[in-house]
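Structure data (compact mmCIF, C-alpha atoms) from final.txt:
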```txt
# COMPACT_ATOMS: atom_id res chain seq x y z
CA MET D 543 115.89 141.65 89.24
CA THR D 544 116.65 138.20 87.93
CA ILE D 545 115.70 135.05 89.72
CA SER D 546 116.61 131.72 88.29
CA ASP D 547 113.98 129.23 87.42
CA GLU D 548 115.51 126.79 89.85
CA THR D 549 114.98 129.26 92.64
CA LEU D 550 111.36 129.77 91.66
CA MET D 551 110.91 126.04 91.55
CA ALA D 552 112.47 125.62 94.98
CA TYR D 553 110.18 128.36 96.23
CA ALA D 554 107.13 126.58 94.86
CA ASP D 555 108.33 123.38 96.49
CA GLY D 556 108.81 125.03 99.86
CA GLU D 557 112.55 124.49 99.84
CA LEU D 558 113.82 128.01 100.39
CA ASP D 559 114.92 129.52 103.65
CA ALA D 560 113.22 132.61 105.00
CA ALA D 561 115.55 135.15 103.40
CA ALA D 562 115.40 133.59 99.96
CA ARG D 563 111.66 133.24 100.29
CA ALA D 564 111.29 136.91 101.08
CA ALA D 565 113.38 137.81 98.06
CA VAL D 566 111.19 135.72 95.78
CA GLU D 567 108.05 137.16 97.25
CA SER D 568 109.16 140.69 96.75
CA ALA D 569 110.16 139.89 93.17
CA MET D 570 106.74 138.35 92.62
CA ARG D 571 105.07 141.52 93.80
CA GLN D 572 107.06 143.57 91.38
CA ASP D 573 106.88 141.33 88.39
CA PRO D 574 103.70 139.52 87.39
CA GLN D 575 105.77 137.40 85.04
CA ILE D 576 107.60 135.89 88.00
CA GLU D 577 104.37 135.31 89.80
CA LYS D 578 103.11 133.48 86.76
CA ARG D 579 106.15 131.23 86.65
CA VAL D 580 105.72 130.33 90.30
CA ALA D 581 102.09 129.56 89.64
CA ALA D 582 103.11 127.28 86.79
CA HIS D 583 105.43 125.35 89.08
CA ARG D 584 102.73 124.95 91.67
CA SER D 585 100.19 123.96 89.15
CA LEU D 586 102.46 121.28 87.73
CA ARG D 587 103.18 119.97 91.17
CA ARG D 588 99.48 119.67 91.95
CA LYS D 589 98.77 118.10 88.62
CA VAL D 590 101.45 115.46 89.02
CA GLN D 591 100.40 114.67 92.56
CA ALA D 592 96.79 114.33 91.51
CA ALA D 593 97.67 112.08 88.60
CA TYR D 594 99.44 109.64 90.88
CA SER D 595 97.21 109.72 93.90
CA ALA D 596 94.88 106.99 92.66
CA GLU D 597 97.71 104.48 92.68
CA LEU D 598 97.94 104.71 96.43
CA SER D 599 94.53 103.20 96.92
CA GLU D 600 95.16 100.19 94.70
CA GLY D 601 95.30 96.86 96.42
CA VAL D 602 98.77 95.55 97.07
CA PRO D 603 99.49 92.03 95.80
CA GLU D 604 99.56 89.38 98.45
CA ARG D 605 103.12 88.35 97.62
CA LEU D 606 104.39 91.81 98.55
CA LEU D 607 102.53 91.83 101.83
CA ARG D 608 103.97 88.43 102.61
CA ALA D 609 107.46 89.61 101.75
CA ALA D 610 107.10 92.60 104.03
CA ARG D 611 105.82 90.51 106.91
CA ALA D 612 108.19 87.61 106.46
CA GLY D 613 109.86 86.77 109.72
CA SER D 614 108.12 89.54 111.59
CA SER D 615 107.05 87.44 114.54
CA THR D 616 110.25 85.52 115.00
CA GLN D 617 112.81 88.12 115.91
CA ALA D 618 113.57 88.43 119.56
CA SER D 619 117.15 89.51 119.23
CA ASN D 620 118.27 92.94 118.33
CA VAL D 621 120.16 91.80 115.29
CA VAL D 622 118.40 90.55 112.25
CA ASN D 623 119.32 86.97 111.79
CA LEU D 624 120.23 86.34 108.18
CA GLU D 625 119.50 82.67 108.28
CA ASP D 626 116.02 83.27 109.61
CA ALA D 627 115.46 85.93 107.03
CA ARG D 628 116.52 83.61 104.27
CA ALA D 629 114.40 80.82 105.59
CA ALA D 630 111.47 83.19 105.71
CA MET D 631 112.15 84.25 102.17
CA ALA D 632 112.33 80.66 101.08
CA ARG D 633 109.03 79.94 102.75
CA ALA D 634 107.49 82.97 101.18
CA ALA D 635 108.90 82.00 97.82
CA SER D 636 107.55 78.51 98.00
CA ARG D 637 104.08 79.73 98.91
CA ALA D 638 104.00 82.53 96.43
CA PRO D 639 102.62 81.64 93.06
CA PRO D 640 105.50 81.86 90.63
CA MET D 641 104.28 85.05 89.07
CA ARG D 642 107.28 85.60 86.95
CA PRO D 643 109.77 82.91 87.74
CA GLN D 644 112.24 84.56 85.41
CA TRP D 645 113.73 86.67 88.09
CA ARG D 646 112.31 85.78 91.40
CA THR D 647 114.49 85.20 94.48
CA ALA D 648 116.97 82.82 93.14
CA GLY D 649 119.41 81.47 95.67
CA THR D 650 117.06 79.26 97.52
CA ILE D 651 115.26 78.10 94.47
CA ALA D 652 118.46 77.23 92.72
CA ALA D 653 119.67 75.35 95.75
CA SER D 654 116.61 73.19 95.84
CA LEU D 655 116.75 72.59 92.13
CA ILE D 656 120.28 71.39 92.45
CA VAL D 657 119.02 68.51 94.45
CA GLY D 658 116.24 67.58 92.06
CA VAL D 659 118.01 68.05 88.79
CA GLY D 660 121.45 67.20 90.03
CA LEU D 661 120.58 63.80 91.41
CA GLY D 662 118.92 62.92 88.17
CA PHE D 663 122.14 63.68 86.43
CA ILE D 664 124.24 61.63 88.70
CA MET D 665 121.98 58.67 88.14
CA TRP D 666 122.15 59.08 84.42
CA GLY D 667 125.08 56.86 83.83
CA GLN D 668 128.28 56.82 85.74
CA THR D 669 130.67 57.47 82.94
CA THR D 670 128.88 60.04 80.85
CA ALA D 671 127.21 61.98 83.63
CA PRO D 672 128.22 65.63 83.63
CA LEU D 673 127.99 65.78 87.39
CA THR D 674 129.21 63.67 90.19
CA ARG D 675 129.60 63.89 93.93
CA SER D 676 133.03 64.59 95.31
CA ALA D 677 134.29 62.82 98.39
CA GLY D 678 133.24 65.82 100.44
CA GLY D 679 129.72 65.61 99.11
CA ALA D 680 129.91 68.63 96.83
CA LEU D 681 128.38 68.44 93.42
CA VAL D 682 131.21 68.68 90.92
CA ALA D 683 131.47 68.83 87.16
CA HIS D 684 132.64 65.66 85.51
CA GLY D 685 133.75 64.43 82.11
CA GLN D 686 132.86 66.60 79.17
CA LEU D 687 131.41 69.35 81.31
CA ALA D 688 134.53 69.55 83.45
CA ARG D 689 136.70 69.64 80.35
CA ALA D 690 134.64 72.39 78.80
CA LEU D 691 134.75 74.44 81.98
CA SER D 692 138.52 74.13 82.10
CA ASN D 693 139.28 74.65 78.44
CA GLN D 694 136.51 76.19 76.46
CA LEU D 695 136.64 79.94 75.90
CA GLY D 696 133.33 81.69 75.62
CA ALA D 697 134.30 83.61 72.54
CA GLU D 698 135.67 80.65 70.63
CA GLN D 699 133.10 78.01 71.24
CA SER D 700 131.04 76.61 68.47
CA ARG D 701 127.30 76.84 68.68
CA SER D 702 127.14 73.12 68.34
CA SER D 703 129.33 72.24 71.32
CA ALA D 704 127.49 70.10 73.80
CA VAL D 705 128.47 72.49 76.53
CA GLN D 706 128.02 76.19 76.08
CA ILE D 707 129.99 78.45 78.36
CA GLY D 708 128.32 81.68 79.32
CA VAL D 709 129.91 84.21 81.62
CA SER D 710 133.22 83.75 83.38
CA PHE D 711 134.00 85.88 86.35
CA ARG D 712 135.82 86.14 89.62
CA ALA D 713 133.66 85.60 92.64
CA LYS D 714 133.95 87.66 95.77
CA SER D 715 135.73 84.69 97.31
CA GLY D 716 138.47 85.03 94.68
CA ASP D 717 137.47 81.80 92.96
CA TYR D 718 136.83 81.73 89.26
CA CYS D 719 133.34 80.82 88.27
CA ARG D 720 131.68 80.11 84.95
CA THR D 721 128.14 79.59 83.85
CA PHE D 722 127.32 76.80 81.48
CA ALA D 723 124.45 75.25 79.64
CA LEU D 724 124.20 71.73 78.35
CA SER D 725 122.46 71.00 75.13
CA GLY D 726 120.32 67.98 74.59
CA ALA D 727 116.88 66.87 75.52
CA VAL D 728 117.39 67.62 79.16
CA SER D 729 119.34 70.79 79.12
CA PRO D 730 120.06 72.37 82.43
CA SER D 731 122.18 75.39 82.93
CA GLY D 732 124.33 76.12 85.90
CA LEU D 733 127.08 77.92 87.63
CA ALA D 734 130.32 76.23 88.61
CA CYS D 735 133.23 77.64 90.58
CA ARG D 736 136.75 76.36 90.58
CA HIS D 737 137.71 75.04 93.92
CA GLY D 738 141.01 73.23 94.21
CA ASP D 739 141.02 70.81 91.31
CA GLU D 740 137.31 70.67 90.92
CA TRP D 741 134.55 72.66 89.37
CA GLN D 742 131.98 72.76 92.11
CA VAL D 743 128.50 73.32 90.88
CA GLN D 744 126.90 76.13 92.84
CA ALA D 745 123.60 76.32 91.11
CA LEU D 746 121.84 74.28 88.54
CA THR D 747 118.44 74.72 87.01
CA GLN D 748 116.41 73.54 84.22
CA GLU D 749 114.09 76.03 82.77
CA PRO D 750 110.59 74.79 83.34
CA GLY D 751 108.63 73.76 80.33
CA THR D 752 111.41 73.96 77.83
CA ALA D 753 113.16 70.68 78.33
CA GLY D 754 111.34 68.61 75.80
CA ASP D 755 110.97 71.18 73.13
CA SER D 756 113.24 70.56 70.29
CA GLY D 757 116.35 68.97 71.45
CA TYR D 758 118.70 71.74 70.64
CA ARG D 759 118.79 75.07 72.34
CA THR D 760 121.27 77.87 72.39
CA ALA D 761 123.12 78.89 75.47
CA GLY D 762 121.17 82.09 75.42
CA SER D 763 117.80 80.56 75.74
CA ALA D 764 119.09 77.96 78.14
CA MET D 765 120.45 80.43 80.66
CA SER D 766 117.92 80.64 83.36
CA ALA D 767 117.25 83.58 85.58
CA PRO D 768 118.04 81.84 88.87
CA ILE D 769 121.53 81.20 87.56
CA LEU D 770 121.94 84.80 86.59
CA LYS D 771 120.77 85.70 90.04
CA SER D 772 123.45 83.50 91.56
CA VAL D 773 125.96 85.20 89.33
CA GLU D 774 124.79 88.56 90.55
CA ALA D 775 125.15 87.43 94.11
CA GLN D 776 128.69 86.17 93.70
CA ILE D 777 130.38 88.25 91.08
CA ALA D 778 133.13 90.66 92.08
CA GLY D 779 133.29 93.42 89.50
CA GLU D 780 132.55 92.68 85.90
CA ALA D 781 132.54 89.46 83.94
CA LEU D 782 135.84 88.50 82.35
CA ASP D 783 136.38 89.50 78.79
CA GLN D 784 138.07 87.24 76.28
CA ALA D 785 141.57 88.18 77.40
CA GLY D 786 140.61 87.74 81.03
CA GLU D 787 139.23 84.30 80.33
CA LYS D 788 142.37 83.32 78.52
CA ALA D 789 144.59 84.52 81.32
CA ALA D 790 142.51 82.70 83.89
CA ARG D 791 142.66 79.51 81.89
CA GLN D 792 146.40 79.85 81.66
CA ARG D 793 146.73 79.90 85.40
CA GLY D 794 144.48 76.88 85.69
CA TRP D 795 141.58 78.90 87.10
CA ARG D 796 143.35 79.00 90.43
CA ALA D 797 141.78 81.36 92.89
CA ALA D 798 143.21 84.82 92.78
CA HIS D 799 142.69 86.09 96.21
CA ALA D 800 140.37 89.00 96.35
CA PRO D 801 141.65 92.15 97.97
CA MET L 971 119.27 99.41 118.11
CA ASN L 972 116.21 97.57 116.93
CA THR L 973 114.34 95.95 119.73
CA SER L 974 111.89 93.26 118.82
CA GLU L 975 109.01 95.73 119.02
CA THR L 976 110.62 98.16 116.67
CA ALA L 977 111.58 95.31 114.37
CA GLN L 978 107.97 94.25 114.43
CA ASN L 979 107.03 97.78 113.78
CA VAL L 980 109.32 98.07 110.79
CA HIS L 981 107.50 95.24 109.04
CA GLU L 982 104.23 97.06 109.40
CA GLN L 983 105.78 100.34 108.39
CA ILE L 984 107.04 98.68 105.24
CA VAL L 985 103.59 97.30 104.59
CA THR L 986 102.27 100.84 104.87
CA LEU L 987 104.88 102.03 102.41
CA LEU L 988 104.14 99.36 99.82
CA PRO L 989 101.75 101.47 97.73
CA ARG L 990 104.32 104.23 97.46
CA LEU L 991 107.13 101.80 96.76
CA ARG L 992 105.10 100.31 93.94
CA ARG L 993 104.30 103.70 92.57
CA PHE L 994 107.92 104.74 92.63
CA ALA L 995 109.00 101.44 91.09
CA ARG L 996 106.50 101.87 88.28
CA ASN L 997 107.93 105.26 87.51
CA LEU L 998 111.38 103.74 87.44
CA THR L 999 110.68 100.65 85.45
CA ARG L 1000 107.69 101.79 83.41
CA ASP L 1001 106.36 98.29 83.66
CA PRO L 1002 103.96 97.22 86.40
CA HIS L 1003 105.22 93.65 86.55
CA ASP L 1004 108.83 94.69 86.75
CA ALA L 1005 107.78 97.20 89.37
CA ASP L 1006 106.25 94.58 91.62
CA ASP L 1007 109.23 92.29 91.17
CA VAL L 1008 111.58 95.10 92.08
CA VAL L 1009 109.54 95.99 95.14
CA GLN L 1010 109.52 92.41 96.30
CA ILE L 1011 113.26 92.09 95.91
CA ALA L 1012 113.77 95.40 97.66
CA VAL L 1013 111.57 94.43 100.58
CA GLU L 1014 113.37 91.14 100.99
CA ARG L 1015 116.70 92.91 100.84
CA ALA L 1016 115.66 95.57 103.26
CA LEU L 1017 114.58 93.00 105.79
CA THR L 1018 117.92 91.28 105.70
CA ARG L 1019 119.65 94.62 106.15
CA LEU L 1020 117.58 96.28 108.81
CA ASP L 1021 120.70 96.66 110.86
CA GLN L 1022 121.97 99.07 108.19
CA TRP L 1023 119.00 101.32 108.54
CA ARG L 1024 119.91 104.24 110.72
CA SER L 1025 116.90 104.91 112.84
CA ASP L 1026 117.37 108.62 112.33
CA ALA L 1027 116.94 108.12 108.61
CA ARG L 1028 113.57 108.16 106.98
CA LEU L 1029 112.36 104.70 106.23
CA ASP L 1030 110.70 105.80 103.01
CA SER L 1031 113.90 107.33 101.62
CA TRP L 1032 115.87 104.28 102.63
CA MET L 1033 113.39 101.97 100.95
CA PHE L 1034 113.24 104.09 97.81
CA LYS L 1035 116.96 103.78 97.57
CA ILE L 1036 116.85 100.02 97.90
CA VAL L 1037 114.13 99.84 95.27
CA ARG L 1038 116.24 101.91 92.95
CA ASN L 1039 119.33 99.82 93.56
CA ALA L 1040 117.37 96.64 92.94
CA TRP L 1041 116.28 98.05 89.61
CA ILE L 1042 119.81 99.09 88.72
CA ASP L 1043 120.98 95.57 89.51
CA GLU L 1044 118.26 94.12 87.38
CA LEU L 1045 119.13 96.33 84.44
CA ARG L 1046 122.77 95.45 84.82
CA SER L 1047 121.98 91.79 84.82
CA ARG L 1048 119.80 92.19 81.74
CA ARG L 1049 122.63 94.00 80.02
CA ARG L 1050 125.04 91.28 80.99
CA ARG L 1051 122.68 88.63 79.76
CA ASP L 1052 122.16 90.50 76.52
CA LYS L 1053 125.85 90.93 76.08
CA VAL L 1054 126.80 87.38 76.78
CA PHE L 1055 123.82 85.63 75.34
CA LEU L 1056 122.92 87.77 72.46
CA ALA L 1057 120.67 85.08 71.10
CA ALA L 1058 116.95 84.94 71.34
CA GLU L 1059 116.31 87.77 73.70
CA ALA L 1060 116.24 90.84 71.56
CA GLY L 1061 113.64 93.41 72.47
CA GLU L 1062 113.68 93.40 76.23
CA ASN L 1063 111.43 96.01 77.61
CA ILE L 1064 114.22 98.26 78.77
CA GLY L 1065 112.07 100.65 77.28
CA VAL L 1066 111.95 103.12 74.59
CA ASP L 1067 109.02 105.41 74.71
CA SER L 1068 105.87 105.58 73.81
CA MET L 1069 102.86 105.11 71.74
CA ALA L 1070 100.95 108.25 72.42
CA SER L 1071 100.37 110.29 69.36
CA GLU L 1072 102.03 113.64 69.20
CA THR L 1073 98.84 115.50 68.63
CA GLU L 1074 97.04 114.25 71.67
CA LEU L 1075 97.47 115.91 74.94
CA LEU L 1076 99.53 113.49 76.94
CA SER L 1077 98.45 112.24 80.28
CA VAL L 1078 100.78 113.02 83.12
CA GLN L 1079 101.83 109.38 83.27
CA SER L 1080 102.72 109.11 79.64
CA ALA L 1081 104.52 112.42 79.76
CA MET L 1082 106.51 111.11 82.71
CA ALA L 1083 107.35 107.96 80.82
CA ARG L 1084 108.97 110.07 78.14
CA LEU L 1085 111.35 111.84 80.45
CA PRO L 1086 114.97 110.74 80.50
CA GLU L 1087 115.60 108.43 83.39
CA ASP L 1088 117.49 110.87 85.60
CA GLN L 1089 114.79 113.49 85.30
CA ARG L 1090 112.03 110.98 85.80
CA GLU L 1091 113.62 109.79 89.03
CA ALA L 1092 113.96 113.30 90.35
CA VAL L 1093 110.42 114.30 89.44
CA SER L 1094 109.07 111.09 90.80
CA LEU L 1095 110.75 111.45 94.19
CA VAL L 1096 110.01 115.13 94.68
CA LEU L 1097 106.70 115.77 92.96
CA VAL L 1098 105.05 112.37 93.21
CA GLU L 1099 106.48 111.06 96.47
CA GLY L 1100 106.85 114.46 98.06
CA LEU L 1101 110.38 114.03 99.36
CA PRO L 1102 112.36 117.12 100.32
CA TYR L 1103 115.20 117.85 97.93
CA ARG L 1104 117.77 116.71 100.43
CA GLU L 1105 116.15 113.31 100.84
CA ALA L 1106 115.71 112.88 97.10
CA ALA L 1107 119.35 113.74 96.49
CA GLU L 1108 120.30 111.17 99.08
CA VAL L 1109 118.18 108.47 97.46
CA LEU L 1110 119.77 109.18 94.11
CA ASP L 1111 123.24 109.57 95.54
CA VAL L 1112 123.81 112.92 93.89
CA PRO L 1113 124.62 116.39 95.18
CA MET L 1114 121.76 118.81 95.77
CA GLY L 1115 122.75 120.89 92.75
CA THR L 1116 122.44 117.88 90.48
CA LEU L 1117 119.09 117.00 91.92
CA THR L 1118 117.70 120.48 91.44
CA SER L 1119 118.93 120.76 87.90
CA ARG L 1120 117.45 117.38 86.97
CA LEU L 1121 114.24 118.38 88.63
CA ALA L 1122 114.13 121.70 86.82
CA ARG L 1123 114.77 120.07 83.47
CA GLY L 1124 112.23 117.36 84.16
CA ARG L 1125 109.61 119.91 85.09
CA ALA L 1126 110.29 121.99 82.02
CA ALA L 1127 109.96 118.90 79.86
CA LEU L 1128 106.71 117.93 81.54
CA GLN L 1129 105.31 121.42 81.09
CA ALA L 1130 106.14 121.23 77.43
CA LEU L 1131 104.65 117.75 77.00
CA LEU L 1132 101.52 118.59 78.90
CA GLY L 1133 101.07 121.86 77.14
CA THR L 1134 100.35 123.74 80.31
CA GLU L 1135 102.32 126.85 79.88
CA GLY L 1136 101.73 129.18 82.70
CA GLU L 1137 98.18 129.00 83.85
CA ALA L 1138 96.73 126.73 86.43
CA THR L 1139 93.87 124.49 85.55
```
Could you express the structure from this file as structure tokens?
Amino acid sequence: MTISDETLMAYADGELDAAARAAVESAMRQDPQIEKRVAAHRSLRRKVQAAYSAELSEGVPERLLRAARAGSSTQASNVVNLEDARAAMARAASRAPPMRPQWRTAGTIAASLIVGVGLGFIMWGQTTAPLTRSAGGALVAHGQLARALSNQLGAEQSRSSAVQIGVSFRAKSGDYCRTFALSGAVSPSGLACRHGDEWQVQALTQEPGTAGDSGYRTAGSAMSAPILKSVEAQIAGEALDQAGEKAARQRGWRAAHAP
Amino acid sequence: MNTSETAQNVHEQIVTLLPRLRRFARNLTRDPHDADDVVQIAVERALTRLDQWRSDARLDSWMFKIVRNAWIDELRSRRRRDKVFLAAEAGENIGVDSMASETELLSVQSAMARLPEDQREAVSLVLVEGLPYREAAEVLDVPMGTLTSRLARGRAALQALLGTEGEAT
């Protein structure tokens, strides 16, 4: 009588129904070899469980407890309110020590950084500033940055361009968006999406602690995790390849309406 | 469906699950820091999506799935970053195995770390977390047959790495 190893494994894991169980048991009685294989499965199961049981009694970091309890006392309605949840996350994020800022909850952080970094940029000097405020109050790319966003192709740019373009992609809204990094002593990176005739800046950060270091940085090192996180949140499908970028540029980055 | 009491309750249930979520995330990521980051992201996500949790579904399976998806997202974003910004960031810890010497008997953990990802996930959900096959298949989004074959291969590989042919300790 042949019984597959998968069946013996399922038997050892308690996954068989009564009939299949009975068949295995009778085979085990007849063939010590089968019994031995079942014992091996059980022994491995016990061994693995034992090896991992200690982890359950480790203390859980405070930041995870906070995340789990965020918003727990506020909900009276039967629907989870997204805004409240986000606010709770933002509160939790601002209290939590920035363990690994590289890829912590990004949206809210990026939004607050926009204010800090962005205003600084606007003040910089009216004509050369890469950012300005549109009439509607949105933060929009200006001057050299705007030109680079409209014209520069990721694959063709020179490493020494003042603006480095990163990923280009279509957002879920249908808008085209591109990430960028500015070189120079203060070198923020950001995400801008084409809206009408403007590149609206959705997120902007400056990687902490790197600004003063040696003047010139590559787009790679300048791309900060919060920006990538914003990309993740907005991207529909994959990033554009070179041909996709070219085609999008040709149509003036006008929104292609998402299905 | 969630009344405020059950919503309240869910927070505490998630707190109770945290040790298991961390353990599962460590098996996925093979890096304790990544694991905690993934768990935090998953918890935050879960809380914004509680309305998607069917109350007849097991909370642990649902959370495992969110943890796994958060990790998949993270890997994807690392790949994207590596692809687009090939500079500087070589040698991410998307990991290749392991330092243990071949001659030593491997610990269960280091043997696990050597399994291919799909087998490691299956072993981790069924043998470590104790999920029934059906739940594990659901977490991984694969048919039962796929789950059992991954599990069988993972177990065979572990047996071989641990050198425990046959007999129980």
Can you tell me which residues surround Leu1128 of chain L at a distance of at most 8 Å, considering all atoms listed in the file, apart from same-chain residues fewer than 2 positions away, and format the answer as a PyMOL selection string?
chain L and resi 1078+1081-1082+1085+1124-1126+1130-1132
Using only C-alpha atoms: which of L:Leu991, L:Leu1020, L:Gln983, L:Trp1041 has the shortest distance to Val1008 of chain L
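That would be L:Trp1041, the residue with the smallest distance to Val1008 of chain L.
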Might you pull out every residue within 12 Å of Ile576 of chain D, with only C-alpha atoms counted and same-chain residues fewer than 3 positions away left off, and present them as a VMD selection string?
(chain D and resid 543 to 547 549 to 551 553 to 554 565 to 573 579 to 583) or (chain L and resid 1136)
Could those selected residues go to a file with C-alpha atoms, as an mmCIF file, in the coordinates of the input?
```
data_model
loop_
_atom_site.group_PDB
_atom_site.id
_atom_site.type_symbol
_atom_site.label_atom_id
_atom_site.label_comp_id
_atom_site.auth_asym_id
_atom_site.auth_seq_id
_atom_site.Cartn_x
_atom_site.Cartn_y
_atom_site.Cartn_z
ATOM 1 C CA MET D 543 115.890 141.650 89.240
ATOM 2 C CA THR D 544 116.650 138.200 87.930
ATOM 3 C CA ILE D 545 115.700 135.050 89.720
ATOM 4 C CA SER D 546 116.610 131.720 88.290
ATOM 5 C CA ASP D 547 113.980 129.230 87.420
ATOM 6 C CA THR D 549 114.980 129.260 92.640
ATOM 7 C CA LEU D 550 111.360 129.770 91.660
ATOM 8 C CA MET D 551 110.910 126.040 91.550
ATOM 9 C CA TYR D 553 110.180 128.360 96.230
ATOM 10 C CA ALA D 554 107.130 126.580 94.860
ATOM 11 C CA ALA D 565 113.380 137.810 98.060
ATOM 12 C CA VAL D 566 111.190 135.720 95.780
ATOM 13 C CA GLU D 567 108.050 137.160 97.250
ATOM 14 C CA SER D 568 109.160 140.690 96.750
ATOM 15 C CA ALA D 569 110.160 139.890 93.170
ATOM 16 C CA MET D 570 106.740 138.350 92.620
ATOM 17 C CA ARG D 571 105.070 141.520 93.800
ATOM 18 C CA GLN D 572 107.060 143.570 91.380
ATOM 19 C CA ASP D 573 106.880 141.330 88.390
ATOM 20 C CA ARG D 579 106.150 131.230 86.650
ATOM 21 C CA VAL D 580 105.720 130.330 90.300
ATOM 22 C CA ALA D 581 102.090 129.560 89.640
ATOM 23 C CA ALA D 582 103.110 127.280 86.790
ATOM 24 C CA HIS D 583 105.430 125.350 89.080
ATOM 25 C CA GLY L 1136 101.730 129.180 82.700
#
```
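For the set L:Val1037, L:Leu1045, L:Ala1106, L:Val1013, the residue with the smallest atom-to-atom gap to chain D is L:Val1013, counting all atoms listed in the file.
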Just how far from atom CA of Ala561 of chain D is atom CA of Tyr1103 of chain L, in Å to one decimal?
18.1 Å
Near Ser1031 of chain L, counting all atoms listed in the file, which residues have an atom at most 9 Å away, once you skip same-chain residues fewer than 3 positions from it, shown as a list in words?
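Near neighbours after the sequence-gap exclusion: Ala1027, Arg1028, Phe1034, Lys1035, Ile1036, Leu1101, Glu1105, Ala1106, Glu1108 and Val1109 of chain L.
Coordinates place atom CA of Ala778 of chain D at a distance of 22.8 Å from atom CA of Leu681 of chain D.
Here atom CA of Phe711 of chain D stands at a distance of 5.1 Å from atom CA of Leu782 of chain D.
Of the listed residues (L:Gln1010, L:Ser1077, L:Thr1018, L:Thr1118), L:Thr1118 comes nearest to Val1093 of chain L; the distances count all atoms listed in the file.
Of the residues listed (L:Asp1043, L:Asp1111, L:Glu1099, L:Asp1021), L:Glu1099 shows the shortest atom-to-atom separation from Arg992 of chain L; distances use all atoms listed in the file.
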Pull the neighbourhood of (134.8, 72.4, 78.9) for me: all residues within 12 Å in file coordinates, counting only C-alpha atoms, as a short mmCIF file (atom, residue, chain, number, x, y, z; two decimals) with C-alpha atoms, in the coordinates of the input.
```cif
data_model
loop_
_atom_site.label_atom_id
_atom_site.label_comp_id
_atom_site.auth_asym_id
_atom_site.auth_seq_id
_atom_site.Cartn_x
_atom_site.Cartn_y
_atom_site.Cartn_z
CA PRO D 672 128.22 65.63 83.63
CA ALA D 683 131.47 68.83 87.16
CA HIS D 684 132.64 65.66 85.51
CA GLY D 685 133.75 64.43 82.11
CA GLN D 686 132.86 66.60 79.17
CA LEU D 687 131.41 69.35 81.31
CA ALA D 688 134.53 69.55 83.45
CA ARG D 689 136.70 69.64 80.35
CA ALA D 690 134.64 72.39 78.80
CA LEU D 691 134.75 74.44 81.98
CA SER D 692 138.52 74.13 82.10
CA ASN D 693 139.28 74.65 78.44
CA GLN D 694 136.51 76.19 76.46
CA LEU D 695 136.64 79.94 75.90
CA GLY D 696 133.33 81.69 75.62
CA GLU D 698 135.67 80.65 70.63
CA GLN D 699 133.10 78.01 71.24
CA SER D 700 131.04 76.61 68.47
CA SER D 703 129.33 72.24 71.32
CA ALA D 704 127.49 70.10 73.80
CA VAL D 705 128.47 72.49 76.53
CA GLN D 706 128.02 76.19 76.08
CA ILE D 707 129.99 78.45 78.36
CA GLY D 708 128.32 81.68 79.32
CA ARG D 720 131.68 80.11 84.95
CA THR D 721 128.14 79.59 83.85
CA PHE D 722 127.32 76.80 81.48
CA ALA D 723 124.45 75.25 79.64
CA LEU D 724 124.20 71.73 78.35
CA ALA D 734 130.32 76.23 88.61
CA TRP D 741 134.55 72.66 89.37
CA ARG D 791 142.66 79.51 81.89
#
```
